[in-house]
Each structure stands twice: as C-alpha cells, then as structure tokens.
$ cat model.cif   # mmCIF, C-alpha atoms and all ligand atoms
data_model
#
loop_
_atom_site.group_PDB
_atom_site.id
_atom_site.type_symbol
_atom_site.label_atom_id
_atom_site.label_comp_id
_atom_site.auth_asym_id
_atom_site.auth_seq_id
_atom_site.Cartn_x
_atom_site.Cartn_y
_atom_site.Cartn_z
ATOM 1 C CA MET A 720 46.931 196.998 15.135
ATOM 2 C CA HIS A 721 46.934 194.807 12.042
ATOM 3 C CA THR A 722 44.546 195.991 9.281
ATOM 4 C CA PRO A 723 42.065 193.225 8.568
ATOM 5 C CA VAL A 724 41.958 191.653 5.163
ATOM 6 C CA LEU A 725 39.858 193.377 2.441
ATOM 7 C CA LEU A 726 38.734 196.067 4.897
ATOM 8 C CA ASN A 727 37.934 198.842 2.397
ATOM 9 C CA GLU A 728 36.175 196.446 0.062
ATOM 10 C CA VAL A 729 33.933 195.168 2.886
ATOM 11 C CA VAL A 730 33.069 198.667 4.116
ATOM 12 C CA GLU A 731 32.278 199.828 0.573
ATOM 13 C CA MET A 732 30.351 196.808 -0.624
ATOM 14 C CA LEU A 733 28.251 196.687 2.544
ATOM 15 C CA GLU A 734 27.627 200.440 2.239
ATOM 16 C CA ALA A 735 28.438 201.122 5.891
ATOM 17 C CA GLY A 736 27.096 204.401 7.214
ATOM 18 C CA PRO A 737 24.891 206.029 9.863
ATOM 19 C CA ASN A 738 21.614 204.253 10.657
ATOM 20 C CA LYS A 739 22.908 200.951 9.302
ATOM 21 C CA LYS A 740 22.834 197.737 11.344
ATOM 22 C CA PHE A 741 25.417 194.992 10.884
ATOM 23 C CA ILE A 742 26.274 191.647 12.393
ATOM 24 C CA ASP A 743 29.996 190.888 12.417
ATOM 25 C CA ALA A 744 29.771 187.129 12.956
ATOM 26 C CA THR A 745 33.558 186.731 13.357
ATOM 27 C CA PHE A 746 34.721 189.618 15.546
ATOM 28 C CA GLY A 747 38.365 188.477 15.872
ATOM 29 C CA GLU A 748 40.468 191.475 16.854
ATOM 30 C CA GLY A 749 37.675 193.831 15.921
ATOM 31 C CA GLY A 750 39.169 195.417 12.810
ATOM 32 C CA HIS A 751 36.098 195.123 10.613
ATOM 33 C CA THR A 752 33.761 196.018 13.480
ATOM 34 C CA ARG A 753 35.823 199.108 14.280
ATOM 35 C CA ALA A 754 35.632 200.312 10.671
ATOM 36 C CA LEU A 755 31.849 199.804 10.571
ATOM 37 C CA LEU A 756 31.459 201.714 13.855
ATOM 38 C CA GLU A 757 33.630 204.531 12.537
ATOM 39 C CA LYS A 758 31.166 204.938 9.676
ATOM 40 C CA GLY A 759 28.423 205.465 12.264
ATOM 41 C CA SER A 760 26.839 202.012 11.953
ATOM 42 C CA THR A 761 25.552 199.847 14.818
ATOM 43 C CA VAL A 762 27.163 196.424 15.188
ATOM 44 C CA LEU A 763 26.350 193.148 16.908
ATOM 45 C CA ALA A 764 29.743 191.404 17.006
ATOM 46 C CA ILE A 765 30.098 187.695 17.769
ATOM 47 C CA ASP A 766 33.104 185.480 18.359
ATOM 48 C CA ARG A 767 33.316 181.875 19.419
ATOM 49 C CA ASP A 768 36.611 182.379 21.226
ATOM 50 C CA SER A 769 36.037 184.177 24.539
ATOM 51 C CA ALA A 770 39.710 185.259 24.592
ATOM 52 C CA GLN A 771 39.109 187.366 21.466
ATOM 53 C CA ILE A 772 36.332 189.251 23.220
ATOM 54 C CA ALA A 773 38.281 189.611 26.468
ATOM 55 C CA ASN A 774 41.280 191.018 24.561
ATOM 56 C CA PHE A 775 39.270 193.782 22.924
ATOM 57 C CA LYS A 776 39.984 197.252 24.189
ATOM 58 C CA SER A 777 38.326 199.863 22.067
ATOM 59 C CA ALA A 778 38.487 203.589 22.084
ATOM 60 C CA ILE A 779 35.056 203.449 20.532
ATOM 61 C CA ASN A 780 32.429 203.107 23.194
ATOM 62 C CA ASN A 781 29.554 205.064 21.779
ATOM 63 C CA GLY A 782 26.819 202.593 22.659
ATOM 64 C CA LYS A 783 26.687 201.273 19.117
ATOM 65 C CA LEU A 784 28.473 197.999 19.755
ATOM 66 C CA ILE A 785 27.103 194.816 21.306
ATOM 67 C CA LEU A 786 29.844 192.228 21.808
ATOM 68 C CA LYS A 787 28.827 188.617 22.395
ATOM 69 C CA GLN A 788 30.544 185.270 22.821
ATOM 70 C CA GLY A 789 28.894 182.593 20.710
ATOM 71 C CA ASN A 790 29.068 180.328 17.690
ATOM 72 C CA PHE A 791 27.721 181.811 14.467
ATOM 73 C CA LYS A 792 25.862 178.571 13.828
ATOM 74 C CA ASP A 793 23.462 179.957 16.491
ATOM 75 C CA ILE A 794 23.262 183.352 14.771
ATOM 76 C CA VAL A 795 19.472 183.588 14.851
ATOM 77 C CA ALA A 796 19.259 182.884 18.595
ATOM 78 C CA LEU A 797 22.143 185.279 19.318
ATOM 79 C CA ALA A 798 20.508 188.089 17.307
ATOM 80 C CA LYS A 799 17.112 187.414 18.905
ATOM 81 C CA GLU A 800 18.575 187.626 22.411
ATOM 82 C CA GLU A 801 19.690 191.160 21.578
ATOM 83 C CA GLU A 802 16.579 191.979 19.516
ATOM 84 C CA PHE A 803 19.031 192.763 16.725
ATOM 85 C CA ALA A 804 17.142 192.074 13.486
ATOM 86 C CA PRO A 805 16.457 192.795 10.703
ATOM 87 C CA VAL A 806 19.948 193.899 9.666
ATOM 88 C CA ASP A 807 21.551 195.516 6.616
ATOM 89 C CA ALA A 808 24.345 192.977 6.344
ATOM 90 C CA ILE A 809 26.156 190.089 7.980
ATOM 91 C CA LEU A 810 29.912 189.567 7.675
ATOM 92 C CA PHE A 811 31.780 186.264 8.036
ATOM 93 C CA ASP A 812 35.575 186.612 7.977
ATOM 94 C CA LEU A 813 36.424 182.932 8.340
ATOM 95 C CA GLY A 814 39.339 181.115 9.896
ATOM 96 C CA LEU A 815 41.616 182.417 12.602
ATOM 97 C CA SER A 816 42.993 185.819 13.505
ATOM 98 C CA ASN A 817 46.702 186.635 13.609
ATOM 99 C CA GLU A 818 46.597 186.842 17.385
ATOM 100 C CA GLN A 819 45.057 183.398 17.767
ATOM 101 C CA LEU A 820 47.777 181.921 15.590
ATOM 102 C CA ARG A 821 50.600 183.840 17.236
ATOM 103 C CA SER A 822 49.790 183.446 20.890
ATOM 104 C CA GLY A 823 46.602 181.460 21.316
ATOM 105 C CA GLY A 824 48.361 178.662 23.217
ATOM 106 C CA LYS A 825 46.106 176.023 21.641
ATOM 107 C CA GLY A 826 48.428 174.456 19.121
ATOM 108 C CA LEU A 827 46.762 176.184 16.175
ATOM 109 C CA SER A 828 49.995 177.185 14.457
ATOM 110 C CA TYR A 829 52.676 174.784 13.268
ATOM 111 C CA LYS A 830 55.236 177.329 14.416
ATOM 112 C CA ASN A 831 54.544 176.992 18.168
ATOM 113 C CA LEU A 832 56.307 173.678 18.627
ATOM 114 C CA ASP A 833 55.892 173.284 22.401
ATOM 115 C CA GLU A 834 52.136 173.716 22.490
ATOM 116 C CA ARG A 835 49.812 170.765 23.022
ATOM 117 C CA LEU A 836 47.512 169.955 20.093
ATOM 118 C CA ASP A 837 44.223 171.272 21.441
ATOM 119 C CA MET A 838 42.733 173.590 18.755
ATOM 120 C CA ARG A 839 39.294 173.982 20.391
ATOM 121 C CA LEU A 840 37.952 177.489 19.915
ATOM 122 C CA ASP A 841 35.416 176.934 22.691
ATOM 123 C CA ASP A 842 34.239 174.283 25.156
ATOM 124 C CA SER A 843 31.473 172.938 22.943
ATOM 125 C CA CYS A 844 33.839 170.865 20.776
ATOM 126 C CA GLU A 845 33.463 167.135 21.299
ATOM 127 C CA MET A 846 37.152 166.302 20.889
ATOM 128 C CA ASP A 847 40.393 168.243 20.888
ATOM 129 C CA ALA A 848 43.028 167.649 18.206
ATOM 130 C CA GLU A 849 45.142 165.372 20.396
ATOM 131 C CA THR A 850 42.166 163.090 21.098
ATOM 132 C CA ILE A 851 41.370 162.898 17.385
ATOM 133 C CA LEU A 852 44.952 161.969 16.526
ATOM 134 C CA ARG A 853 45.005 159.341 19.294
ATOM 135 C CA GLN A 854 41.601 157.786 18.693
ATOM 136 C CA TYR A 855 40.751 158.027 14.998
ATOM 137 C CA PRO A 856 41.367 154.791 13.106
ATOM 138 C CA GLU A 857 43.577 155.247 10.050
ATOM 139 C CA LYS A 858 40.637 155.318 7.624
ATOM 140 C CA ASP A 859 38.944 158.169 9.515
ATOM 141 C CA MET A 860 42.182 160.155 9.532
ATOM 142 C CA ILE A 861 42.520 159.660 5.778
ATOM 143 C CA HIS A 862 38.976 160.933 5.311
ATOM 144 C CA MET A 863 39.662 163.925 7.568
ATOM 145 C CA PHE A 864 42.808 164.998 5.684
ATOM 146 C CA MET A 865 41.152 164.536 2.289
ATOM 147 C CA HIS A 866 37.737 165.987 3.078
ATOM 148 C CA ASN A 867 38.944 168.975 5.133
ATOM 149 C CA ALA A 868 42.066 169.918 3.174
ATOM 150 C CA GLU A 869 42.373 167.828 -0.007
ATOM 151 C CA GLU A 870 45.713 166.527 1.280
ATOM 152 C CA THR A 871 47.301 164.256 -1.322
ATOM 153 C CA LEU A 872 49.556 162.574 1.255
ATOM 154 C CA ALA A 873 46.554 161.653 3.440
ATOM 155 C CA VAL A 874 47.189 157.897 3.287
ATOM 156 C CA GLU A 875 50.921 158.047 4.110
ATOM 157 C CA LEU A 876 50.378 160.642 6.825
ATOM 158 C CA SER A 877 47.623 158.657 8.528
ATOM 159 C CA LYS A 878 49.720 155.501 8.473
ATOM 160 C CA ARG A 879 52.699 157.328 9.998
ATOM 161 C CA ILE A 880 50.553 158.979 12.699
ATOM 162 C CA ALA A 881 48.990 155.634 13.665
ATOM 163 C CA LEU A 882 52.485 154.148 14.051
ATOM 164 C CA GLN A 883 54.081 157.035 15.885
ATOM 165 C CA ARG A 884 51.305 158.004 18.301
ATOM 166 C CA VAL A 885 51.864 154.866 20.375
ATOM 167 C CA GLY A 886 53.564 155.458 23.713
ATOM 168 C CA ILE A 887 53.816 159.268 23.374
ATOM 169 C CA ARG A 888 52.688 161.066 26.521
ATOM 170 C CA THR A 889 51.570 164.362 25.012
ATOM 171 C CA LEU A 890 51.004 165.017 21.331
ATOM 172 C CA THR A 891 52.469 168.443 20.697
ATOM 173 C CA VAL A 892 52.765 170.666 17.651
ATOM 174 C CA GLY A 893 56.446 169.702 17.464
ATOM 175 C CA TRP A 894 55.551 165.993 17.368
ATOM 176 C CA LEU A 895 53.115 166.484 14.487
ATOM 177 C CA VAL A 896 55.565 168.714 12.598
ATOM 178 C CA GLU A 897 58.155 165.939 12.810
ATOM 179 C CA VAL A 898 55.688 163.375 11.495
ATOM 180 C CA VAL A 899 54.748 165.631 8.572
ATOM 181 C CA ASN A 900 58.400 166.418 7.828
ATOM 182 C CA SER A 901 59.175 162.724 7.665
ATOM 183 C CA VAL A 902 56.416 162.128 5.090
ATOM 184 C CA ALA A 903 56.602 165.307 2.995
ATOM 185 C CA LYS A 904 60.373 165.403 2.958
ATOM 186 C CA ASN A 905 61.047 167.675 0.000
ATOM 187 C CA ASN A 906 58.563 170.451 0.594
ATOM 188 C CA PRO A 907 56.786 170.046 3.943
ATOM 189 C CA ARG A 908 55.363 173.573 4.306
ATOM 190 C CA PRO A 909 52.217 173.254 2.150
ATOM 191 C CA THR A 910 51.484 169.878 3.742
ATOM 192 C CA LEU A 911 51.897 171.374 7.213
ATOM 193 C CA THR A 912 49.404 174.110 6.336
ATOM 194 C CA ARG A 913 46.863 171.563 5.073
ATOM 195 C CA VAL A 914 47.336 169.132 7.985
ATOM 196 C CA PHE A 915 46.801 171.881 10.569
ATOM 197 C CA GLN A 916 43.817 173.171 8.593
ATOM 198 C CA ALA A 917 42.249 169.702 8.389
ATOM 199 C CA LEU A 918 42.566 169.162 12.128
ATOM 200 C CA ARG A 919 41.226 172.599 13.043
ATOM 201 C CA VAL A 920 38.237 172.170 10.712
ATOM 202 C CA GLU A 921 37.526 168.750 12.270
ATOM 203 C CA VAL A 922 37.856 169.867 15.897
ATOM 204 C CA ASN A 923 35.662 172.941 15.407
ATOM 205 C CA SER A 924 33.145 171.494 12.870
ATOM 206 C CA GLU A 925 33.906 174.489 10.680
ATOM 207 C CA PHE A 926 32.179 173.389 7.482
ATOM 208 C CA GLU A 927 28.975 172.331 9.264
ATOM 209 C CA ASN A 928 28.870 175.624 11.186
ATOM 210 C CA LEU A 929 29.299 177.669 8.017
ATOM 211 C CA GLU A 930 26.556 175.813 6.151
ATOM 212 C CA MET A 931 24.154 176.202 9.052
ATOM 213 C CA ALA A 932 24.979 179.891 9.563
ATOM 214 C CA LEU A 933 24.550 180.797 5.889
ATOM 215 C CA THR A 934 21.139 179.134 5.721
ATOM 216 C CA ASP A 935 19.885 180.740 8.935
ATOM 217 C CA SER A 936 21.353 184.201 8.272
ATOM 218 C CA ILE A 937 18.947 184.879 5.412
ATOM 219 C CA SER A 938 16.046 185.234 7.858
ATOM 220 C CA LEU A 939 17.876 188.054 9.685
ATOM 221 C CA LEU A 940 18.295 190.314 6.640
ATOM 222 C CA ASN A 941 16.124 193.288 5.786
ATOM 223 C CA PHE A 942 14.713 193.742 2.278
ATOM 224 C CA HIS A 943 18.022 194.999 0.827
ATOM 225 C CA GLY A 944 20.213 192.928 3.165
ATOM 226 C CA LYS A 945 23.519 191.407 2.099
ATOM 227 C CA ILE A 946 25.838 188.676 3.290
ATOM 228 C CA ALA A 947 29.611 188.979 2.909
ATOM 229 C CA VAL A 948 31.930 186.013 3.340
ATOM 230 C CA ILE A 949 35.723 186.110 3.311
ATOM 231 C CA SER A 950 37.174 182.622 2.956
ATOM 232 C CA PHE A 951 40.780 181.494 2.923
ATOM 233 C CA HIS A 952 40.741 178.187 1.127
ATOM 234 C CA SER A 953 38.910 176.681 -1.801
ATOM 235 C CA LEU A 954 36.824 174.264 0.271
ATOM 236 C CA GLU A 955 35.262 177.106 2.278
ATOM 237 C CA ASP A 956 34.746 179.175 -0.847
ATOM 238 C CA ARG A 957 33.094 176.196 -2.542
ATOM 239 C CA ILE A 958 30.507 176.007 0.250
ATOM 240 C CA VAL A 959 29.699 179.709 -0.214
ATOM 241 C CA LYS A 960 29.633 179.507 -4.012
ATOM 242 C CA ARG A 961 27.351 176.458 -3.948
ATOM 243 C CA PHE A 962 25.059 178.113 -1.402
ATOM 244 C CA ILE A 963 24.613 181.186 -3.625
ATOM 245 C CA ARG A 964 24.071 179.125 -6.753
ATOM 246 C CA THR A 965 21.668 176.476 -5.414
ATOM 247 C CA ASN A 966 19.451 179.104 -3.818
ATOM 248 C CA GLY A 967 19.485 181.390 -6.851
ATOM 249 C CA TYR A 968 20.889 184.321 -4.841
ATOM 250 C CA VAL A 969 22.602 187.253 -6.537
ATOM 251 C CA GLN A 970 26.339 187.843 -6.161
ATOM 252 C CA VAL A 971 27.423 191.496 -6.124
ATOM 253 C CA GLY A 972 29.966 191.914 -8.936
ATOM 254 C CA LYS A 973 30.495 189.168 -11.482
ATOM 255 C CA LYS A 974 33.649 187.838 -9.880
ATOM 256 C CA PRO A 975 34.621 187.551 -6.212
ATOM 257 C CA VAL A 976 37.173 190.006 -4.815
ATOM 258 C CA PHE A 977 40.618 188.554 -4.126
ATOM 259 C CA GLY A 978 43.045 189.514 -1.349
ATOM 260 C CA ASN A 979 45.938 191.682 -2.527
ATOM 261 C CA SER A 980 48.102 191.864 0.577
ATOM 262 C CA GLU A 981 51.853 191.282 0.690
ATOM 263 C CA LEU A 982 51.237 188.490 3.185
ATOM 264 C CA ARG A 983 50.848 185.149 1.446
ATOM 265 C CA PHE A 984 48.074 183.971 3.722
ATOM 266 C CA GLU A 985 46.040 187.138 3.075
ATOM 267 C CA ARG A 986 46.515 186.851 -0.668
ATOM 268 C CA SER A 987 44.474 183.641 -0.509
ATOM 269 C CA ALA A 988 41.423 185.586 0.749
ATOM 270 C CA VAL A 989 38.290 185.538 -1.391
ATOM 271 C CA LEU A 990 35.363 187.862 -0.686
ATOM 272 C CA ARG A 991 31.872 187.089 -1.955
ATOM 273 C CA VAL A 992 28.988 189.458 -1.260
ATOM 274 C CA PHE A 993 25.471 188.388 -2.172
ATOM 275 C CA HIS A 994 21.810 189.109 -1.586
ATOM 276 C CA VAL A 995 18.500 187.320 -2.006
HETATM 277 C C1 LIG A 1001 39.859 185.864 10.604
HETATM 278 S S1 LIG A 1001 39.331 186.134 12.231
HETATM 279 C C2 LIG A 1001 38.353 187.563 12.074
HETATM 280 C C3 LIG A 1001 39.155 188.828 12.063
HETATM 281 C C4 LIG A 1001 38.293 190.060 12.177
HETATM 282 N N1 LIG A 1001 37.492 190.285 11.001
HETATM 283 C C5 LIG A 1001 39.129 191.275 12.482
HETATM 284 O O1 LIG A 1001 38.953 192.300 11.797
HETATM 285 O O2 LIG A 1001 39.928 191.245 13.415
HETATM 286 C C6 LIG A 1001 38.119 184.901 12.475
HETATM 287 C C7 LIG A 1001 37.460 184.913 13.845
HETATM 288 O O3 LIG A 1001 36.294 184.115 13.757
HETATM 289 C C8 LIG A 1001 36.149 183.397 14.948
HETATM 290 N N2 LIG A 1001 35.320 182.231 14.656
HETATM 291 C C9 LIG A 1001 35.680 181.105 13.985
HETATM 292 N N3 LIG A 1001 34.633 180.269 13.902
HETATM 293 C C10 LIG A 1001 33.583 180.880 14.506
HETATM 294 C C11 LIG A 1001 32.231 180.516 14.739
HETATM 295 N N4 LIG A 1001 31.730 179.346 14.331
HETATM 296 N N5 LIG A 1001 31.442 181.394 15.394
HETATM 297 C C12 LIG A 1001 31.926 182.593 15.813
HETATM 298 N N6 LIG A 1001 33.203 182.980 15.645
HETATM 299 C C13 LIG A 1001 34.030 182.131 14.987
HETATM 300 C C14 LIG A 1001 37.558 183.071 15.371
HETATM 301 O O4 LIG A 1001 37.611 182.820 16.760
HETATM 302 C C15 LIG A 1001 38.312 184.342 14.955
HETATM 303 O O5 LIG A 1001 38.394 185.237 16.019
#
$ encode --input "model.cif" --output "structure tokens"
Amino acid sequence: MHTPVLLNEVVEMLEAGPNKKFIDATFGEGGHTRALLEKGSTVLAIDRDSAQIANFKSAINNGKLILKQGNFKDIVALAKEEEFAPVDAILFDLGLSNEQLRSGGKGLSYKNLDERLDMRLDDSCEMDAETILRQYPEKDMIHMFMHNAEETLAVELSKRIALQRVGIRTLTVGWLVEVVNSVAKNNPRPTLTRVFQALRVEVNSEFENLEMALTDSISLLNFHGKIAVISFHSLEDRIVKRFIRTNGYVQVGKKPVFGNSELRFERSAVLRVFHV
C-alpha cells in the first residue's frame, strides 16, 4: 500500500495516542486512519466517494474505527449521528487518492484517455464534467479555468472547447487532451493538470465545501483540539491560510510543512495545523 503524504508529520503534530479521538474527514485509502488507529486512537473516518469505503479492507478491526460515506461539508451532522464529539483533531487531506486517479473510471486523470468526462465524486453533484463542457457559455468556462486553477490560457481554451464540442457524441478524456494539446502546444502538461483540476473543483464544489467544513469543524473540537489540512495547490492553501488569519487562530509552527516525496505531485503538498 502507498504511504500517504506527510504521514509521520500528521501523526506527530496531532499527537496521536491511546484515548485520543480523531476525525479523518478524507479517508481515501485509509493510510492516515490506519496510522492513527495503530497509535491506539479512535477514528471517525469519512469519504465522499463510496468506492473508497467499499475498497477498504483492514487488518485493524478493533472497534475503534467508524467508517462513513459523506461529504465533509456536513461534518457536524455526520459527527452528531455517531455521537462523535468533542474530538482531539480533524484531518483534511484534500484532493484525490492515487487509486481514484489510477482506476476510478470517472475521467479524473488526463492519462485515462478512453474514459468519459464525469468527475463526480458522489451523486449530489449538480452537473458532471461533460455537461459543464457542453453547456457553459465561453465566459463561464473562462471564469472556471481562472478561478479554479489560475489558468493563463483560459480564454483560448474556452474558445477552442466551444468550437470543438459541437457534434461530438461523448466528451472523453482523450477529446479534452487533444483540445488542450492544440492550445498549449509547446508544453501541454502543466495546462492539462490545471484544466483537469479546474473541472474537478467545479463539478465537486471543492472550494465551497472546504470553506464550509473549516468553519463548522471548530465546534467539534475539544479545548486543546487541532485541525490539520494538507492541500495540493495554492488556491486550496490560500483558503486555509485566510481562514486561520481572519479568525485569529494559531498555526502550529511558524511555517507550514512541505511535502518531501520523490513524486512530483506529493512534493506540492502543504500541511497546516492550527488551533483556536
Ligand atoms: C488525498 S485522498 C486522501 C488520502 C488518505 N489520507 C489516505 O491516507 O489514503 C482525498 C480523499 O478525500 C475524498 N474527498 C474529497 N472531497 C471530499 C469531501 N468533500 N468530503 C469527503 N471526502 C472527500 C476523496 O474522495 C479522496 O478519497
């Protein structure tokens, strides 16, 4: 199993141990949860994607894990249903897991060319990615690419999509990759990453969910409770940084902790831990 990003740092900074209670708001493949359980802590683990929960097969079944499908924007209701508060800490490890990217079947990775552009992590999303690319007027697409991923080619890309979507039966990953390649000719890879990010954020309302979850999570913490957030791009990290600053909360350590993996995507990880 793949070791989750910043695992030791999370376990240390959250002071995992016996008699501690944690919410892992982004269960994924269970790496962080497993490490917290191994330290003797009790965990309420949540994931929006039911496949992530169904895939989990753990050797650890010591009655200290509650696993629940749900969106962390509803974190207070989810914790209340399990009478799981107050807690010592809440962890958000944002984005997608390796497994979702590799074999999710939802068009989340620009490498799976034959997949349809769906990208919904659960059924509550109003529109899938294909519907957005078919229905958004050019100006809304420009806003999406700029607001969700700071894409500098937003205007050209939106124009090209509006032209090329006409008459295509199914919008697949391969179709979108071709469109991006034709606009970002010299170095398409960073643009591909940002275009797929922008769409995924839009489909799953990721920024809105994070803002709501951070605000509501505070009420679930005990007196010494902490929140840890691992983000993978500057727009997510900006939401966390602003949330800490505007509320006058205290960040543990002067600087955030940065990912140090050999994998490029994991090197972009930023961990902020804070308390009231
Ligand atoms: C980076 S992975 C987490 C990996 C995990 N820490 C591990 O050790 O395997 C992020 C997970 O968060 C889930 N997720 C994304 N948005 C969510 C939301 N709003 N509510 C709950 N889970 C969410 C994704 O489905 C994915 O499984």
$ resolve_selection --input "model.cif" --expression "the PyMOL selection byres (((chain A and resi 756) around 9) and not hetatm)" --output "count of residues only"
18
$ closest_residue --input "model.cif" --among "A:Ser980, A:Ser769, A:Thr912, A:Ser877" --to "A:Lys830" --atoms "only C-alpha atoms"
A:Thr912
$ resolve_selection --input "model.cif" --expression "the PyMOL selection byres (((chain A and resi 792-799) around 9) and not hetatm)" --output "number ranges by chain"
A: 742, 744, 763, 765, 787, 789-791, 800-804, 927-933, 935-936, 938-939
$ closest_atom_pairs --input "model.cif" --of "chain A" --to "ligand LIG 1001 (chain A)" --cutoff "8 Å" --atoms "all atoms listed in the file" --output "tab-separated table"
residue	atom	partner	partner_atom	distance
A:His721	CA	A:LIG1001	O2	8.0
A:Thr722	CA	A:LIG1001	O1	7.2
A:Pro723	CA	A:LIG1001	O1	4.6
A:Val724	CA	A:LIG1001	O1	7.3
A:Leu726	CA	A:LIG1001	O1	7.9
A:Asp743	CA	A:LIG1001	N1	7.7
A:Ala744	CA	A:LIG1001	C12	5.8
A:Thr745	CA	A:LIG1001	O3	3.8
A:Phe746	CA	A:LIG1001	C4	4.9
A:Gly747	CA	A:LIG1001	O5	3.2
A:Glu748	CA	A:LIG1001	O2	3.5
A:Gly749	CA	A:LIG1001	O2	4.2
A:Gly750	CA	A:LIG1001	O1	3.3
A:His751	CA	A:LIG1001	O1	4.2
A:Thr752	CA	A:LIG1001	O1	6.6
A:Arg753	CA	A:LIG1001	O1	7.9
A:Ile765	CA	A:LIG1001	C12	5.8
A:Asp766	CA	A:LIG1001	N6	3.7
A:Arg767	CA	A:LIG1001	C12	3.9
A:Asp768	CA	A:LIG1001	O4	4.6
A:Gln771	CA	A:LIG1001	O5	5.9
A:Gln788	CA	A:LIG1001	C12	7.6
A:Gly789	CA	A:LIG1001	C12	5.8
A:Asn790	CA	A:LIG1001	N5	3.5
A:Phe791	CA	A:LIG1001	N5	3.9
A:Lys792	CA	A:LIG1001	N4	5.9
A:Phe811	CA	A:LIG1001	N1	7.6
A:Asp812	CA	A:LIG1001	C2	5.0
A:Leu813	CA	A:LIG1001	C6	4.9
A:Gly814	CA	A:LIG1001	C6	4.7
A:Leu815	CA	A:LIG1001	C6	4.3
A:Ser816	CA	A:LIG1001	S1	3.9
A:Asn817	CA	A:LIG1001	C1	7.5
A:Gln819	CA	A:LIG1001	O5	7.1
A:Leu840	CA	A:LIG1001	O4	6.2
A:Asn923	CA	A:LIG1001	N3	7.6
A:Glu925	CA	A:LIG1001	N4	6.5
A:Asn928	CA	A:LIG1001	N4	5.7
A:Leu929	CA	A:LIG1001	N4	7.0
$ closest_residue --input "model.cif" --among "A:Leu954, A:Ala947, A:Ala881, A:Leu890" --to "A:Val729" --atoms "only C-alpha atoms"
A:Ala947
$ atom_distance --input "model.cif" --atom1 "atom CA of A:Lys945" --atom2 "atom CA of A:Ala868"
28.4 Å
$ atom_distance --input "model.cif" --atom1 "atom CA of A:Thr910" --atom2 "atom CA of A:Arg991"
26.7 Å
$ closest_residue --input "model.cif" --among "A:Ile949, A:Glu857, A:Lys904, A:Phe993" --to "A:Gln970" --atoms "all atoms listed in the file"
A:Phe993
$ decode --input "model.cif" --residues "stretch 784-797 of chain A" --atoms "N, CA, C and O atoms" --output "PDB file, in the first residue's frame"
ATOM      1  N   LEU A 784     -12.778   2.069  14.929  1.00  0.00           N
ATOM      2  CA  LEU A 784     -12.973   2.790  13.673  1.00  0.00           C
ATOM      3  C   LEU A 784     -14.445   2.826  13.295  1.00  0.00           C
ATOM      4  O   LEU A 784     -15.110   1.795  13.254  1.00  0.00           O
ATOM      5  N   ILE A 785     -14.940   4.030  13.006  1.00  0.00           N
ATOM      6  CA  ILE A 785     -16.270   4.178  12.402  1.00  0.00           C
ATOM      7  C   ILE A 785     -16.019   4.747  11.012  1.00  0.00           C
ATOM      8  O   ILE A 785     -15.371   5.788  10.868  1.00  0.00           O
ATOM      9  N   LEU A 786     -16.532   4.052   9.992  1.00  0.00           N
ATOM     10  CA  LEU A 786     -16.289   4.450   8.609  1.00  0.00           C
ATOM     11  C   LEU A 786     -17.618   4.887   8.001  1.00  0.00           C
ATOM     12  O   LEU A 786     -18.598   4.152   8.085  1.00  0.00           O
ATOM     13  N   LYS A 787     -17.639   6.064   7.385  1.00  0.00           N
ATOM     14  CA  LYS A 787     -18.918   6.648   6.973  1.00  0.00           C
ATOM     15  C   LYS A 787     -18.809   7.331   5.621  1.00  0.00           C
ATOM     16  O   LYS A 787     -17.870   8.098   5.402  1.00  0.00           O
ATOM     17  N   GLN A 788     -19.767   7.083   4.748  1.00  0.00           N
ATOM     18  CA  GLN A 788     -19.799   7.812   3.480  1.00  0.00           C
ATOM     19  C   GLN A 788     -20.471   9.157   3.725  1.00  0.00           C
ATOM     20  O   GLN A 788     -21.501   9.236   4.390  1.00  0.00           O
ATOM     21  N   GLY A 789     -19.860  10.221   3.243  1.00  0.00           N
ATOM     22  CA  GLY A 789     -20.476  11.537   3.396  1.00  0.00           C
ATOM     23  C   GLY A 789     -19.535  12.627   2.940  1.00  0.00           C
ATOM     24  O   GLY A 789     -18.348  12.391   2.713  1.00  0.00           O
ATOM     25  N   ASN A 790     -20.099  13.818   2.798  1.00  0.00           N
ATOM     26  CA  ASN A 790     -19.322  14.984   2.366  1.00  0.00           C
ATOM     27  C   ASN A 790     -18.883  15.752   3.618  1.00  0.00           C
ATOM     28  O   ASN A 790     -19.702  16.041   4.489  1.00  0.00           O
ATOM     29  N   PHE A 791     -17.607  16.120   3.672  1.00  0.00           N
ATOM     30  CA  PHE A 791     -17.148  16.794   4.897  1.00  0.00           C
ATOM     31  C   PHE A 791     -17.788  18.166   5.098  1.00  0.00           C
ATOM     32  O   PHE A 791     -17.668  18.754   6.156  1.00  0.00           O
ATOM     33  N   LYS A 792     -18.497  18.659   4.098  1.00  0.00           N
ATOM     34  CA  LYS A 792     -19.222  19.918   4.348  1.00  0.00           C
ATOM     35  C   LYS A 792     -20.342  19.681   5.391  1.00  0.00           C
ATOM     36  O   LYS A 792     -20.810  20.611   6.022  1.00  0.00           O
ATOM     37  N   ASP A 793     -20.744  18.416   5.560  1.00  0.00           N
ATOM     38  CA  ASP A 793     -21.764  18.065   6.555  1.00  0.00           C
ATOM     39  C   ASP A 793     -21.127  17.480   7.810  1.00  0.00           C
ATOM     40  O   ASP A 793     -21.731  16.642   8.492  1.00  0.00           O
ATOM     41  N   ILE A 794     -19.902  17.900   8.121  1.00  0.00           N
ATOM     42  CA  ILE A 794     -19.122  17.227   9.171  1.00  0.00           C
ATOM     43  C   ILE A 794     -19.821  17.242  10.537  1.00  0.00           C
ATOM     44  O   ILE A 794     -19.755  16.260  11.279  1.00  0.00           O
ATOM     45  N   VAL A 795     -20.523  18.311  10.836  1.00  0.00           N
ATOM     46  CA  VAL A 795     -21.168  18.387  12.153  1.00  0.00           C
ATOM     47  C   VAL A 795     -22.290  17.345  12.240  1.00  0.00           C
ATOM     48  O   VAL A 795     -22.374  16.584  13.210  1.00  0.00           O
ATOM     49  N   ALA A 796     -23.114  17.276  11.196  1.00  0.00           N
ATOM     50  CA  ALA A 796     -24.210  16.292  11.195  1.00  0.00           C
ATOM     51  C   ALA A 796     -23.656  14.872  11.234  1.00  0.00           C
ATOM     52  O   ALA A 796     -24.164  14.006  11.972  1.00  0.00           O
ATOM     53  N   LEU A 797     -22.595  14.614  10.476  1.00  0.00           N
ATOM     54  CA  LEU A 797     -22.016  13.265  10.422  1.00  0.00           C
ATOM     55  C   LEU A 797     -21.461  12.870  11.800  1.00  0.00           C
ATOM     56  O   LEU A 797     -21.651  11.740  12.261  1.00  0.00           O
TER      57      LEU A 797
END
